[in-house]
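Colleague: Sharing input-v4.cif below, mmCIF, C-alpha atoms:
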data_query
#
loop_
_atom_site.label_atom_id
_atom_site.label_comp_id
_atom_site.auth_asym_id
_atom_site.auth_seq_id
_atom_site.Cartn_x
_atom_site.Cartn_y
_atom_site.Cartn_z
CA MET A 1 0.00 0.00 0.00
CA THR A 2 1.32 3.39 -0.87
CA ASN A 3 0.85 6.48 1.17
CA ASP A 4 1.60 9.34 -1.14
CA GLN A 5 -0.91 12.12 -0.85
CA LEU A 6 -2.32 11.80 -4.33
CA SER A 7 -2.93 8.05 -4.02
CA MET A 8 -4.71 8.53 -0.70
CA THR A 9 -6.89 11.24 -2.15
CA PHE A 10 -7.75 9.10 -5.16
CA ALA A 11 -8.67 6.17 -2.90
CA ALA A 12 -10.89 8.41 -0.79
CA LEU A 13 -12.61 9.82 -3.87
CA ALA A 14 -13.30 6.40 -5.36
CA ASP A 15 -16.41 5.94 -3.22
CA PRO A 16 -19.71 7.63 -4.17
CA THR A 17 -20.83 8.19 -0.56
CA ARG A 18 -17.59 9.96 0.23
CA ARG A 19 -17.90 12.12 -2.87
CA ALA A 20 -21.43 13.04 -1.83
CA ILE A 21 -20.19 13.97 1.65
CA LEU A 22 -17.53 16.22 0.13
CA ALA A 23 -20.07 17.84 -2.14
CA ARG A 24 -22.29 18.54 0.88
CA LEU A 25 -19.34 20.07 2.74
CA ALA A 26 -18.58 22.29 -0.24
CA SER A 27 -21.65 24.32 0.74
CA GLY A 28 -20.50 24.72 4.35
CA GLU A 29 -19.51 22.80 7.47
CA ALA A 30 -21.88 20.21 8.91
CA SER A 31 -22.21 17.89 11.90
CA VAL A 32 -21.94 14.13 11.58
CA THR A 33 -25.70 13.82 12.09
CA GLN A 34 -26.38 16.33 9.33
CA LEU A 35 -23.97 14.55 7.04
CA SER A 36 -25.61 11.20 7.65
CA GLU A 37 -29.13 12.44 6.87
CA PRO A 38 -29.20 11.85 3.09
CA PHE A 39 -27.89 8.30 3.45
CA GLU A 40 -29.52 5.10 4.59
CA MET A 41 -26.53 4.17 6.67
CA THR A 42 -25.71 3.53 10.28
CA MET A 43 -23.69 6.12 12.17
CA PRO A 44 -20.69 3.79 12.46
CA ALA A 45 -20.73 3.35 8.67
CA ILE A 46 -20.77 7.11 8.17
CA SER A 47 -18.02 7.56 10.74
CA LYS A 48 -15.88 5.10 8.83
CA HIS A 49 -16.24 7.13 5.64
CA LEU A 50 -15.43 10.30 7.55
CA LYS A 51 -12.29 8.70 8.92
CA VAL A 52 -11.09 7.81 5.42
CA LEU A 53 -11.72 11.38 4.29
CA GLU A 54 -9.96 12.73 7.36
CA ARG A 55 -6.90 10.54 6.83
CA ALA A 56 -6.71 11.67 3.22
CA GLY A 57 -6.67 15.24 4.48
CA LEU A 58 -9.91 16.06 2.68
CA ILE A 59 -11.88 17.08 5.76
CA ALA A 60 -11.08 18.45 9.21
CA ARG A 61 -12.98 18.84 12.46
CA GLY A 62 -14.15 22.24 13.50
CA ARG A 63 -13.33 23.88 16.85
CA ASP A 64 -16.73 23.53 18.50
CA ALA A 65 -16.08 20.61 20.88
CA GLN A 66 -19.70 19.57 21.28
CA TRP A 67 -20.99 20.00 17.76
CA ARG A 68 -17.73 18.90 16.13
CA PRO A 69 -18.62 20.01 12.64
CA ARG A 70 -16.63 18.68 9.70
CA ARG A 71 -15.34 21.03 7.05
CA LEU A 72 -13.77 20.61 3.64
CA GLN A 73 -9.98 20.84 3.27
CA PRO A 74 -9.59 21.62 -0.42
CA ALA A 75 -5.82 21.34 -0.92
CA PRO A 76 -5.71 17.62 -1.89
CA LEU A 77 -8.71 18.06 -4.16
CA LYS A 78 -6.93 20.81 -6.01
CA GLU A 79 -4.02 18.46 -6.54
CA VAL A 80 -6.27 15.76 -7.99
CA ALA A 81 -8.00 18.29 -10.20
CA SER A 82 -4.72 19.58 -11.60
CA TRP A 83 -3.41 16.03 -12.11
CA VAL A 84 -6.41 14.98 -14.16
CA GLU A 85 -6.47 18.31 -15.90
CA HIS A 86 -2.87 17.79 -16.94
CA TYR A 87 -3.63 14.35 -18.38
CA ARG A 88 -6.73 15.55 -20.18
CA ARG A 89 -4.91 18.61 -21.48
CA PHE A 90 -2.25 16.39 -22.99
CA TRP A 91 -4.82 15.11 -25.46
CA GLU A 92 -6.76 18.32 -25.85
CA VAL A 93 -3.66 20.33 -26.65
CA SER A 94 -2.33 17.58 -28.90
CA PHE A 95 -5.60 17.40 -30.81
CA ASP A 96 -5.66 21.18 -31.22
CA ARG A 97 -2.24 21.01 -32.76
CA LEU A 98 -3.18 18.04 -34.90
CA ASP A 99 -6.17 20.01 -36.16
CA ALA A 100 -3.91 22.83 -37.33
CA TYR A 101 -1.33 20.41 -38.69
CA LEU A 102 -3.92 18.54 -40.77
CA GLN A 103 -4.97 21.81 -42.39
CA GLU A 104 -1.36 22.52 -43.20
CA LEU A 105 -0.98 19.08 -44.80
CA LYS A 106 -4.14 19.59 -46.84
CA HIS A 107 -2.95 22.95 -48.18
CA GLU A 108 0.39 21.44 -49.01
CA LYS A 109 -1.29 18.65 -50.93
CA ASN A 110 -3.54 21.07 -52.81
CA ARG A 111 -0.59 23.21 -53.81
CA GLN A 112 1.29 20.19 -55.09
CA GLU A 113 -1.71 19.01 -57.08
CA LYS A 114 -2.24 22.44 -58.64
CA ARG A 115 1.42 22.62 -59.59
CA HIS A 116 1.14 19.19 -61.11
CA VAL A 117 -1.94 20.14 -63.16
CA ARG A 118 -0.26 23.35 -64.34
CA LYS A 119 2.80 21.44 -65.49
CA LYS A 120 0.64 18.97 -67.34
CA ARG A 121 -1.24 21.78 -69.10
CA THR A 122 1.98 23.50 -70.17
CA ARG A 123 3.27 20.27 -71.49
CA GLN A 124 0.06 19.68 -73.46
CA ARG A 125 0.21 23.15 -74.98
CA ARG A 126 3.66 22.44 -76.30
CA MET B 1 -5.05 -12.50 -8.20
CA SER B 2 -8.35 -12.78 -9.99
CA GLU B 3 -9.24 -9.10 -9.68
CA LYS B 4 -6.12 -8.20 -11.63
CA ASN B 5 -7.40 -9.74 -14.81
CA ALA B 6 -11.04 -8.86 -14.48
CA PRO B 7 -12.19 -6.76 -17.42
CA ALA B 8 -12.84 -3.16 -16.57
CA SER B 9 -16.44 -2.05 -16.80
CA ALA B 10 -17.59 0.74 -19.08
CA ALA B 11 -17.85 3.04 -16.08
CA GLU B 12 -14.08 2.85 -15.66
CA GLU B 13 -13.40 4.05 -19.18
CA PHE B 14 -12.20 7.50 -20.04
CA VAL B 15 -13.66 8.47 -23.42
CA THR B 16 -12.89 11.46 -25.60
CA THR B 17 -14.06 12.26 -29.11
CA ARG B 18 -12.88 14.78 -31.65
CA LEU B 19 -13.99 15.64 -35.17
CA PHE B 20 -11.14 16.48 -37.53
CA ASP B 21 -11.64 18.33 -40.78
CA ALA B 22 -9.55 15.91 -42.83
CA LEU B 23 -9.93 12.58 -44.58
CA ARG B 24 -9.52 9.44 -42.54
CA GLU B 25 -6.41 8.27 -44.41
CA LEU B 26 -4.61 11.47 -43.56
CA VAL B 27 -5.60 11.37 -39.88
CA TRP B 28 -4.41 7.77 -39.75
CA GLN B 29 -1.02 8.79 -41.17
CA THR B 30 -0.58 11.51 -38.56
CA PHE B 31 -1.09 8.91 -35.80
CA THR B 32 1.16 6.24 -37.22
CA GLU B 33 4.16 8.01 -38.78
CA ALA B 34 7.02 9.42 -36.72
CA ARG B 35 7.54 12.51 -38.89
CA HIS B 36 3.90 13.47 -38.30
CA LEU B 37 3.69 12.54 -34.62
CA GLU B 38 6.63 14.79 -33.78
CA LYS B 39 4.69 17.73 -35.20
CA TRP B 40 1.62 17.56 -32.95
CA PHE B 41 1.86 14.93 -30.20
CA GLY B 42 2.45 16.02 -26.60
CA PRO B 43 1.69 18.84 -24.19
CA LYS B 44 2.22 22.45 -25.15
CA GLY B 45 5.79 23.63 -24.92
CA PHE B 46 7.16 20.08 -24.81
CA LYS B 47 9.56 18.87 -27.47
CA VAL B 48 8.62 15.36 -28.52
CA SER B 49 11.17 13.07 -30.17
CA VAL B 50 10.36 9.65 -31.51
CA ALA B 51 13.03 7.13 -30.43
CA LYS B 52 11.38 4.12 -32.01
CA LEU B 53 8.23 3.41 -34.00
CA GLU B 54 7.50 -0.13 -35.09
CA LEU B 55 4.00 -0.18 -36.52
CA ARG B 56 3.14 -3.86 -36.13
CA PRO B 57 1.33 -5.87 -33.44
CA GLY B 58 3.74 -6.21 -30.51
CA GLY B 59 5.85 -3.34 -31.84
CA THR B 60 6.70 -0.25 -29.80
CA PHE B 61 6.36 3.49 -30.23
CA LEU B 62 8.87 4.94 -27.76
CA TYR B 63 9.13 8.69 -27.36
CA SER B 64 10.72 11.29 -25.15
CA MET B 65 9.26 14.60 -24.10
CA GLN B 66 11.44 17.49 -23.12
CA THR B 67 9.65 19.73 -20.67
CA PRO B 68 10.04 23.51 -20.91
CA ASP B 69 12.41 23.40 -17.90
CA GLY B 70 14.73 20.96 -19.66
CA HIS B 71 13.58 17.82 -17.90
CA THR B 72 13.05 14.67 -20.05
CA MET B 73 10.13 12.25 -19.67
CA TRP B 74 9.63 9.00 -21.54
CA GLY B 75 6.55 7.14 -22.64
CA LYS B 76 5.58 4.32 -24.93
CA TRP B 77 2.74 2.64 -26.74
CA VAL B 78 2.88 -1.07 -27.48
CA TYR B 79 0.69 -1.88 -30.48
CA ARG B 80 -1.87 -4.60 -29.88
CA GLU B 81 -4.10 -4.25 -32.89
CA ILE B 82 -3.64 -2.26 -36.08
CA VAL B 83 -6.47 -1.97 -38.58
CA ALA B 84 -5.58 0.77 -41.06
CA PRO B 85 -7.12 3.30 -41.34
CA GLU B 86 -9.76 2.76 -38.67
CA LYS B 87 -8.53 1.23 -35.46
CA LEU B 88 -5.45 1.34 -33.27
CA VAL B 89 -5.22 -0.49 -29.96
CA THR B 90 -2.20 0.26 -27.78
CA VAL B 91 -0.92 -0.27 -24.26
CA VAL B 92 0.24 3.11 -22.97
CA SER B 93 2.70 3.71 -20.12
CA PHE B 94 5.24 6.13 -18.68
CA THR B 95 8.69 4.55 -19.04
CA ASP B 96 12.39 5.00 -18.41
CA PRO B 97 14.68 5.68 -21.42
CA ASN B 98 14.85 1.91 -22.10
CA GLY B 99 11.09 1.65 -22.44
CA THR B 100 10.50 -0.13 -19.12
CA PRO B 101 7.22 1.02 -17.57
CA VAL B 102 7.67 3.15 -14.46
CA ARG B 103 5.33 4.56 -11.83
CA HIS B 104 4.56 8.20 -11.92
CA PRO B 105 6.55 9.78 -9.06
CA MET B 106 3.59 11.89 -7.97
CA ALA B 107 0.97 9.15 -7.87
CA ALA B 108 2.10 5.66 -7.01
CA THR B 109 -1.33 4.13 -7.51
CA TRP B 110 -1.82 5.60 -10.99
CA PRO B 111 -2.15 2.54 -13.31
CA LEU B 112 1.16 1.37 -14.72
CA GLU B 113 -0.49 0.44 -18.00
CA VAL B 114 -3.52 1.92 -19.73
CA LEU B 115 -5.18 0.28 -22.72
CA GLY B 116 -6.00 2.84 -25.38
CA THR B 117 -8.43 2.08 -28.20
CA MET B 118 -8.64 4.67 -30.92
CA THR B 119 -11.14 4.44 -33.73
CA LEU B 120 -11.47 6.69 -36.77
CA ALA B 121 -14.85 6.96 -38.49
CA ALA B 122 -15.21 8.71 -41.85
CA GLN B 123 -17.95 11.35 -41.87
CA GLY B 124 -18.01 12.81 -45.37
CA ASN B 125 -14.75 14.73 -45.70
CA LYS B 126 -14.28 14.73 -41.95
CA THR B 127 -13.09 12.12 -39.49
CA LEU B 128 -14.47 11.37 -36.06
CA LEU B 129 -11.89 10.13 -33.60
CA THR B 130 -13.00 8.24 -30.50
CA SER B 131 -10.42 7.42 -27.90
CA ARG B 132 -11.12 5.08 -24.97
CA SER B 133 -8.72 4.53 -22.10
CA VAL B 134 -8.97 1.92 -19.40
CA PRO B 135 -6.39 0.49 -16.96
CA ILE B 136 -5.17 -3.04 -17.69
CA ASN B 137 -3.35 -5.59 -15.53
CA ALA B 138 -4.30 -3.20 -12.76
CA SER B 139 -4.77 -3.73 -9.05
CA GLN B 140 -8.01 -2.60 -7.41
CA ALA B 141 -6.17 0.45 -6.03
CA GLU B 142 -5.00 1.41 -9.52
CA ARG B 143 -8.46 0.98 -10.97
CA ASP B 144 -9.97 3.04 -8.17
CA THR B 145 -7.40 5.73 -8.77
CA PHE B 146 -8.12 5.89 -12.47
CA LYS B 147 -11.84 5.88 -11.85
CA ALA B 148 -11.64 8.57 -9.20
CA GLY B 149 -9.43 10.60 -11.48
CA PHE B 150 -11.33 10.39 -14.70
CA SER B 151 -14.74 8.86 -14.73
CA SER B 152 -15.82 10.92 -11.78
CA MET B 153 -14.56 14.13 -13.30
CA THR B 154 -15.76 13.56 -16.81
CA GLN B 155 -19.08 12.05 -15.83
CA GLY B 156 -19.69 14.91 -13.48
CA PHE B 157 -19.29 13.12 -10.14
CA ASN B 158 -22.97 12.22 -10.39
CA GLY B 159 -23.75 15.88 -10.61
CA THR B 160 -21.98 16.78 -7.40
CA TRP B 161 -18.64 17.52 -8.96
CA ASP B 162 -19.88 20.82 -10.34
CA GLN B 163 -20.37 22.15 -6.84
CA LEU B 164 -16.87 21.20 -5.88
CA THR B 165 -15.44 22.70 -9.04
CA GLU B 166 -17.25 25.92 -8.33
CA TYR B 167 -16.01 25.85 -4.79
CA LEU B 168 -12.43 25.34 -5.93
CA ALA B 169 -12.74 28.10 -8.49
CA GLY B 170 -13.91 30.38 -5.68
CA LEU B 171 -10.82 29.54 -3.65
CA LYS B 172 -8.46 30.33 -6.51
CA ALA B 173 -9.98 33.76 -7.00
#
Could you quickly redo this structure as C-alpha cells?
Modeller:
Amino acid sequence: MTNDQLSMTFAALADPTRRAILARLASGEASVTQLSEPFEMTMPAISKHLKVLERAGLIARGRDAQWRPRRLQPAPLKEVASWVEHYRRFWEVSFDRLDAYLQELKHEKNRQEKRHVRKKRTRQRR
Amino acid sequence: MSEKNAPASAAEEFVTTRLFDALRELVWQTFTEARHLEKWFGPKGFKVSVAKLELRPGGTFLYSMQTPDGHTMWGKWVYREIVAPEKLVTVVSFTDPNGTPVRHPMAATWPLEVLGTMTLAAQGNKTLLTSRSVPINASQAERDTFKAGFSSMTQGFNGTWDQLTEYLAGLKA
C-alpha cells in the first residue's frame, strides 16, 4: 500500500458516498448527524467514511467541541483536479495542434496538385 | 489475483471524441508516422522526439518529451491491434529511457499500463476520432485511482462535482 498524498486522495474519492459527503461540505460545514441524513446508513458506517476522508486530508474537524462540525480541506482536491487536468490537457492540446497540422498538410497537398496540373497543361500546350 | 485480470467495466473508461476536418487516411497517417507525430503529439511547450516506431502488433512506439524546464520524460505505446485506417489499440505507459514502464513519481497508484483504443470513423470529408482509455493488468487500487481521477470528473461526479469545481474556483480567486 502506498501512502503518497495523491494516491490517498484518489482512494478516498473512489467511493460515491464519500464524494457526496464532500459535495455537501462544499456548501458549508456540517455535523456528523447532518452529514448522515441523506444516506440510509448507520452512524458507524458514516463515521468510517469520515475517517477515510480525514486521513486523506480532505476534511477536518471544527473547533466547536460539542458539535464537532466537519469542514472541507480543499488542498488535496486541487491536486487531484490539476493532475487529471494535466492528463486531459495532454490530449486536448495535442488534438488542437493536430487540427492545425492537418490543415497545413491539406494545403500542401492542394498546392502540389495544382502545380502538377499546371505542369501537365503546359506540357500539353507544347 | 483474480481481480487483476477482471475486465474493466464501461464506467471505468475514459472516453474522448474529436472531429477532424480531414480525410480518414490522412488522420491515420498523422497517428502512425514518426515525422507526423513529432509535429503535434504532446503537451504544449514540450519537445517530442520519436526514439522508435515499429508499426506492427507487438511493436513499440517509444518517445521522449522534453519539458520547458529541460527535464526529459519518456513514454511508450505497445501496439496490440492495427487496422488501417480505422482502429489502433495500444498499451500506454510512462517509461524509463529503455522503455521499461515506471510509476509516476507523484501518484504511485496511478495505473502502470492503460489500454488505449482509438477508432477513426469517416464522416463525409471529416473524421471522427473516438479514444477510450482503461487500466489493464491493474490492481483494485489502480483501478480506483483511475476511476476517481477520470470517470468521476468527466461524468460529473454524479452531478456533485460541479459544486466542488465551483467551490475550488472560488478559492483560486
Colleague: I'd like the interatomic distance between atom CA of Ile82 of chain B and atom CA of Arg143 of chain B, to a tenth of an Å.
Modeller: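 Interatomic distance here is 25.8 Å.
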Colleague: Expanded to explicit residues, what is the PyMOL selection byres ((chain B and resi 22-27) around 9) for this file, as a compact mmCIF listing (two decimals) with C-alpha atoms, keeping the file's coordinate frame?
Modeller:
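Result went into expr_26.txt, see below:
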# COMPACT_ATOMS: atom_id res chain seq x y z
CA LEU A 98 -3.18 18.04 -34.90
CA ASP A 99 -6.17 20.01 -36.16
CA LEU A 102 -3.92 18.54 -40.77
CA GLN A 103 -4.97 21.81 -42.39
CA LEU A 105 -0.98 19.08 -44.80
CA LYS A 106 -4.14 19.59 -46.84
CA LEU B 19 -13.99 15.64 -35.17
CA PHE B 20 -11.14 16.48 -37.53
CA ASP B 21 -11.64 18.33 -40.78
CA TRP B 28 -4.41 7.77 -39.75
CA GLN B 29 -1.02 8.79 -41.17
CA THR B 30 -0.58 11.51 -38.56
CA PHE B 31 -1.09 8.91 -35.80
CA THR B 32 1.16 6.24 -37.22
CA ALA B 84 -5.58 0.77 -41.06
CA PRO B 85 -7.12 3.30 -41.34
CA GLU B 86 -9.76 2.76 -38.67
CA LEU B 120 -11.47 6.69 -36.77
CA ALA B 121 -14.85 6.96 -38.49
CA ALA B 122 -15.21 8.71 -41.85
CA GLN B 123 -17.95 11.35 -41.87
CA GLY B 124 -18.01 12.81 -45.37
CA ASN B 125 -14.75 14.73 -45.70
CA LYS B 126 -14.28 14.73 -41.95
CA THR B 127 -13.09 12.12 -39.49
CA LEU B 128 -14.47 11.37 -36.06
CA LEU B 129 -11.89 10.13 -33.60
Colleague: When you look at segment 43-54 of chain B with a cut-off of 12 Å (counting all atoms listed in the file), what residues show up, excluding the ones that are within fewer than 3 positions of it in the same chain? I need them as an MDAnalysis selection string.
Modeller: (chainID A and resid 85:98) or (chainID B and resid 31:40 57:80 82 97:99)
Colleague: Work out how far apart atom CA of Thr17 of chain B and atom CA of Gly149 of chain B are and give it in Å to one decimal.
Modeller: 18.3 Å
Colleague: I'd like the residues picked by the PyMOL selection byres ((chain A and resi 39-48) around 12) written out as JSON, numbers by chain, using the chain letters and numbers from the file.
Modeller: {"A": [12, 16, 17, 18, 20, 21, 24, 31, 32, 33, 34, 35, 36, 37, 38, 49, 50, 51, 52, 53, 54, 55, 70]}
Colleague: Using Å and a single decimal, report how far atom CA of Gly57 of chain A sits from atom CA of Pro69 of chain A.
Modeller: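 Separation between atom CA of Pro69 of chain A and atom CA of Gly57 of chain A: 15.2 Å.
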Colleague: For a quick check of understanding, using all atoms listed in the file, which of A:His107, A:Leu58, A:Gln5, A:Arg125 has the smallest distance to chain B?
Modeller: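 Residue with the minimum atom-to-atom distance to chain B: A:Gln5.
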Colleague: Using the chain letters and residue numbers of this document, give as a PDB file with C-alpha atoms, keeping the file's coordinate frame the residues selected by the PyMOL selection byres ((chain B) within 6 of (chain A)).
Modeller:
ATOM      1  CA  TRP B  40       1.620  17.560 -32.950  1.00  0.00           C
ATOM      2  CA  PHE B  41       1.860  14.930 -30.200  1.00  0.00           C
ATOM      3  CA  GLY B  42       2.450  16.020 -26.600  1.00  0.00           C
ATOM      4  CA  PRO B  43       1.690  18.840 -24.190  1.00  0.00           C
ATOM      5  CA  ALA B 107       0.970   9.150  -7.870  1.00  0.00           C
ATOM      6  CA  THR B 109      -1.330   4.130  -7.510  1.00  0.00           C
ATOM      7  CA  ASP B 144      -9.970   3.040  -8.170  1.00  0.00           C
ATOM      8  CA  THR B 145      -7.400   5.730  -8.770  1.00  0.00           C
ATOM      9  CA  ALA B 148     -11.640   8.570  -9.200  1.00  0.00           C
ATOM     10  CA  GLY B 149      -9.430  10.600 -11.480  1.00  0.00           C
ATOM     11  CA  THR B 160     -21.980  16.780  -7.400  1.00  0.00           C
ATOM     12  CA  LEU B 164     -16.870  21.200  -5.880  1.00  0.00           C
TER      13      LEU B 164
END
